[in-house]
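Okay, structure first, notes after.
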Amino acid sequence: MKFRKYLRGRGRVLAFVFIASVIWLLFDIAALRISIINDVNQDLKERESVLNQGRRKDNVLKHPLQKVNIDKKEFLKNSNRFDRKVDKVYRKRPMARPEKQAELKQDKHLNPMSMADKSFVKQNEVINQSKVNLIVNSLVKGTIISIPEKINKTNTVINGKVKNITTKINKIKAAFNGQTDANLAVKAHLLTKALPAVQEKAHPPALSVKKVHHINGTVVMPHNEVHVDAGLRKNLSNELLKPAEGDKLKNIIENSEKHGSTFNKTKPDIIQKSSELKAQDPAEALQVPQPTSVRVRRSGGHHKVMALDVTDRPRDPRAVGQFGQPARVPRDKEQESRRRWSEGFFNVFLSEQIPIDRAIPDTRPQICSENLVHDDLPSTSVIFCFVDEVWSTLLRSVHSVLNRSPPHLLKEIILVDDCSTKDYLKEQLDVYISQFPKIRIIRLKERQGLIRARIAGAAAATGEVLTFLDSHVECNVGWLEPLLERVYLDHKKVVCPVIEVISDKDMSYMLVDNFQRGVFRWPLVFGWSALPEEYIRKNQIKDSDPIRCPVMAGGLFSIDKSYFYELGAYDPGLDVWGGENMEISFKIWMCGGEIEIIPCSRVGHIFRGDNPYKFPKDRVKTVERNLARVAEVWLDDYKELFYGHGYHHLLDKSVTDIGNLTEQIELRKNLKCKSFKWYLENVYPDLDAPLVKAEGLSQHFSYTWLRILRQNTSCLAPQEKLIIMEQCDNTKPHLRWMHKSGKALVSTAQNLISRDSKTDKLINKCIFLKDCDPINTFQKWQFTHYYPE
Ligand code: UDP
Ligand code: MN
């Protein structure tokens with residue numbers, strides 16, 4: 001009764017307020033508890049991962065996927081999207097340009113296949129054509145100078161219009177004589193001026209030079225905006241890119257909507273299929289017998305880039321995959337096609353159906369065919385290294401070089417067989433190749449890996465320039481001269497064609513975007529990055545202008561032979577595959593050279609989901625080891641960023657033996673190469689590369705990428721319950737601390753998460769270690785400046 005009294009009148013209100021306050025308080029405590037638990041769990045998770053990195057023996061932390069809890073089905077479904085950290089990031093497919101796609105779609109009526117359907121090449125023309133071929137061949141050899149009357153009157157069909165064949169012959173004759181297009185009657189004064197292709201235009205500035213802040217004498221780069229495209233967005237779940245974290249992820253995605261793409265390491269989002277490309281003039285794919293010798297006129301003059309496409313038989317426009325069209329597997333062959341996939345990890349069955357010398361669409365920017373190059377370009381040795389390559393793709397690669405390279409510039413083709421296991425690559429290949437005097441095969445007795453195979457190929461080469469190609473490519477018309485022109489202008493220019501995409505599924509030839517650079521992200525992960533629209537506009541970059549690249553994809557490039565050796569070739573300590581593109585890229589830039597992509601040179605490449613060859617040792621370990629060699633020789637202090645982004649375990653030399661580096665380090669010294677800091681500032685200023693994760697003002701402690709707390713050369717180390725300063729050593733796991741802004745410093749050396757109700761005190765003015773207590777403010781730490789992850 002007494003109690004009821006309080007629930008009447010004003011008492012009732014008071015009681016209500018009291019109860020509400022109690023409930024509120026209970027909620028508050030619960031919320032705090034949850035947040036504490038989350039914090040602790042987060043710290044524990046990270047600590048677990050750092051501990052793993054420290055103690056890794058062999059199978060911990062191999063692959064980002066292993067850190068994500070994904071079931072196998074889901075993994076297989078996404079296997080293309082989840083880039084393997086190091087072992088499949090190389091030479092990923094570049095992107096297509098959306099506007100270009102729209103533009104090209106409008107030209108669909110020029111689709112070469114539709115021409116084929118309408119039987120553009122009539123039988124009698126094929127016969128006439130072969131006579132034309134003979135004549136052109138003779139012209140090439142310089143054995144005839146006039147065209148017989150009968151042929152002169154022959155008409156052919158070009159792009160649906162009837163044209164006189166003489167025009168065609170004149171074009172070729174002019175090209176071989178080192179003149180410009182006879183039809184266009186280029187005026188003499190043009191030839192004495194600097195001409196479009198040979199004019200050395202000043203390069204636009206390096207992309208987005210960041211504002212530089214100084215903190216205590218240390219240069220601090222503010223982090224750039226990260227722009228991502230849809231492809232990258234798909235990959236943000238992937239550890240590789242590292243930025244994905246709460247708000248930051250949101251920002252990135254918002255930015256991507258505003259700015260378009262800059263980094264793409266997986267398949268392109270949009271690719272222009274050959275069926276949507278402009279038709280190539282079928283008569284351009286002129287069917288001419290293989291010329292054997294050409295007298296070169298070394299006049300110091302110029303001529304238009306030769307758009308040669310020479311075949312020894314008339315092309316069948318209805319052949320499977322002709323003109324780079326997608327090919328289809330007949331119903332009754334589906335099983336066979338699936339079964340044979342793993343022979344090359346692309347559609348091997350379809351590849352076999354496609355003519356070895358098929359025509360592909362000329363995807364060069366329009367101006368390229370008008371560009372002039374020097375008459376006295378250096379000759380090149382084309383080097384194909386292969387191991388267990390599929391027969392049809394190997395030969396298509398070889399024929400694309402034979403058919404589309406000016407013979408006088410193609411000194412030889414060197415096939416380096418890296419100890420293949422397939423029978424057809426032995427005698428059968430020898431017999432086939434014996435038809436072509438320009439081709440040589442070098443057989444390696446032991447499997448050497450791509451890098452040493454290339455070194456062997458280079459050693460045998462007699463051309464002035466080395467051109468390395470993968471063994472599943474198709475060189476497009478006019479691919480070679482624009483590359484050699486750049487090397488001719490400056491022998492320290494190392495040049496790459498635009499790598500286009502040959503579909504692994506239907507073998508169609510696809511156009512890619514012109515404005516893409518080869519770049520990398522930590523930990524040395526290769527990717528493509530589109531030049532921002534604004535940069536292109538501001539610097540008036542034309543779609544045929546060379547694009548300077550911080551790193552090259554690695555598979556396809558030309559380099560002056562003497563410069564290659566001046567640079568000490570490749571580090572021969574690199575095994576099998578991977579990392580060599582980083583090595584040669586850093587070496588080139590830091591030791592006086594340049595890397596360019598030449599949009600007028602285009603080569604298709606089959607990007608595969610897997611390697612059809614075995615790695616003698618574990619694949620991931622091989623690539624990691626290669627990258628560690630590169631980091632040790634070329635990255636200076638920045639190697640911490642490499643190790644700190646998931647490769648701590650490589651620091652333990654008792655686990656990973658990266659081999660002897662003395663020669664490589666000597667080489668860098670002897671060549672007086674510039675520092676990696678110089679490279680970052682001058683070649684790749686848009687990369688975020690803060691040397692430490694965080695740093696402070698007064699006593700200048702920094703928290704490094706290897707999670708070490710450093711003050712000059714001394715580092716914070718736990719000793720029992722005390723903390724001492726110890727000589728820094730990146731390889732010692734006990735020196736690593738977990739830390740995030742405003743959060744605890746948690747030693748990874750001991751398990752300190754347990755209950756402790758004692759008060760915190762400083763003993764003898766020292767920091768001491770005690771069990772973690774997330775609500776204890778004495779355990780919160782803050783550096784003055786934190787860099788983005
Ligand atoms: N290759 C080689 N030896 C090796 C590994 C690769 O000769 O141990 C050749 C391979 O046949 C191909 C080139 O090197 O022609 C590049 O390899 P791949 O195409 O597998 O690399 P990706 O293009 O997938 O990066
Ligand atoms: Mn390849």
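Within each chain, counting starts at residue 1; across the structure tokens, chains are named A, B, ... in the order shown, with ligands numbered 1 upward in that order.
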
(message) List as number ranges by chain the protein and nucleic acid residues lying within 8 Å of ligand 1, with only C-alpha atoms and all ligand atoms counted.
(response) A: 88-92, 384-389, 416-418, 447-451, 453-454, 469-472, 554-555, 575-578, 605-615

Quick one: everything within 6 Å of stretch 544-551 of chain A, counting only C-alpha atoms, minus sequence neighbours fewer than 5 positions away in the same chain. Send it as a list in words. Arg517, Gly518, Val519, Ser585, Ile595, Glu596, Ile597, Ile598, Pro599, Cys600, Val683 and Tyr684 of chain A

Atoms to include: all heavy atoms. Write the selected residues as a short mmCIF file (atom, residue, chain, number, x, y, z; two decimals), in the first residue's frame.
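Once everything was written out, this is again14.cif:
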```
data_model
loop_
_atom_site.label_atom_id
_atom_site.label_comp_id
_atom_site.auth_asym_id
_atom_site.auth_seq_id
_atom_site.Cartn_x
_atom_site.Cartn_y
_atom_site.Cartn_z
N ARG A 517 48.04 3.07 -69.15
CA ARG A 517 49.44 2.94 -68.73
C ARG A 517 49.60 1.66 -67.93
O ARG A 517 48.67 1.23 -67.26
CB ARG A 517 49.84 4.07 -67.79
CG ARG A 517 49.78 5.45 -68.34
CD ARG A 517 50.26 6.44 -67.28
NE ARG A 517 49.55 6.29 -66.01
CZ ARG A 517 50.03 6.65 -64.84
NH1 ARG A 517 51.24 7.17 -64.74
NH2 ARG A 517 49.31 6.51 -63.75
N GLY A 518 50.80 1.11 -67.96
CA GLY A 518 51.11 -0.01 -67.07
C GLY A 518 51.58 0.59 -65.76
O GLY A 518 52.47 1.45 -65.75
N VAL A 519 50.97 0.19 -64.66
CA VAL A 519 51.35 0.72 -63.34
C VAL A 519 51.45 -0.43 -62.33
O VAL A 519 51.25 -1.58 -62.69
CB VAL A 519 50.33 1.76 -62.83
CG1 VAL A 519 50.29 2.99 -63.73
CG2 VAL A 519 48.94 1.16 -62.71
N SER A 585 61.56 -2.93 -65.64
CA SER A 585 60.96 -1.59 -65.66
C SER A 585 61.72 -0.63 -64.75
O SER A 585 62.07 0.48 -65.14
CB SER A 585 59.50 -1.64 -65.22
OG SER A 585 58.75 -2.46 -66.08
N ILE A 595 60.12 3.87 -70.78
CA ILE A 595 59.22 2.82 -71.27
C ILE A 595 57.99 3.49 -71.89
O ILE A 595 57.38 4.35 -71.25
CB ILE A 595 58.76 1.88 -70.14
CG1 ILE A 595 59.98 1.20 -69.51
CG2 ILE A 595 57.78 0.82 -70.66
CD1 ILE A 595 59.68 0.45 -68.24
N GLU A 596 57.68 3.08 -73.09
CA GLU A 596 56.52 3.68 -73.76
C GLU A 596 55.61 2.60 -74.35
O GLU A 596 56.09 1.56 -74.80
CB GLU A 596 56.98 4.54 -74.95
CG GLU A 596 57.76 5.76 -74.58
CD GLU A 596 58.23 6.55 -75.81
OE1 GLU A 596 58.26 5.98 -76.93
OE2 GLU A 596 58.56 7.72 -75.65
N ILE A 597 54.33 2.91 -74.37
CA ILE A 597 53.38 2.10 -75.15
C ILE A 597 53.13 2.88 -76.43
O ILE A 597 52.90 4.09 -76.39
CB ILE A 597 52.07 1.88 -74.39
CG1 ILE A 597 52.29 0.91 -73.23
CG2 ILE A 597 50.99 1.35 -75.33
CD1 ILE A 597 51.06 0.61 -72.42
N ILE A 598 53.21 2.18 -77.56
CA ILE A 598 53.06 2.84 -78.85
C ILE A 598 51.69 2.46 -79.45
O ILE A 598 51.51 1.35 -79.93
CB ILE A 598 54.20 2.41 -79.82
CG1 ILE A 598 55.57 2.55 -79.12
CG2 ILE A 598 54.15 3.17 -81.13
CD1 ILE A 598 55.93 3.95 -78.68
N PRO A 599 50.74 3.39 -79.41
CA PRO A 599 49.38 3.03 -79.85
C PRO A 599 49.27 2.62 -81.32
O PRO A 599 48.31 1.95 -81.69
CB PRO A 599 48.57 4.31 -79.59
CG PRO A 599 49.37 5.07 -78.59
CD PRO A 599 50.80 4.76 -78.88
N CYS A 600 50.26 3.00 -82.13
CA CYS A 600 50.19 2.61 -83.54
C CYS A 600 50.68 1.17 -83.75
O CYS A 600 50.64 0.66 -84.87
CB CYS A 600 50.99 3.57 -84.41
SG CYS A 600 50.14 5.13 -84.63
N VAL A 683 58.76 9.52 -62.19
CA VAL A 683 58.11 8.62 -63.14
C VAL A 683 56.70 8.25 -62.70
O VAL A 683 55.79 8.14 -63.50
CB VAL A 683 58.96 7.34 -63.34
CG1 VAL A 683 58.32 6.42 -64.36
CG2 VAL A 683 60.38 7.70 -63.76
N TYR A 684 56.52 8.09 -61.41
CA TYR A 684 55.23 7.59 -60.93
C TYR A 684 54.78 8.37 -59.70
O TYR A 684 54.55 7.81 -58.64
CB TYR A 684 55.38 6.09 -60.63
CG TYR A 684 54.10 5.33 -60.43
CD1 TYR A 684 52.85 5.87 -60.75
CD2 TYR A 684 54.13 4.03 -59.92
CE1 TYR A 684 51.69 5.14 -60.56
CE2 TYR A 684 52.97 3.29 -59.74
CZ TYR A 684 51.76 3.86 -60.06
OH TYR A 684 50.61 3.13 -59.87
#
```

In terms of only C-alpha atoms and all ligand atoms, the residue from A:Gly344, A:Pro407, A:Gly659, A:Pro378 at minimal distance from ligand 2 is A:Gly344
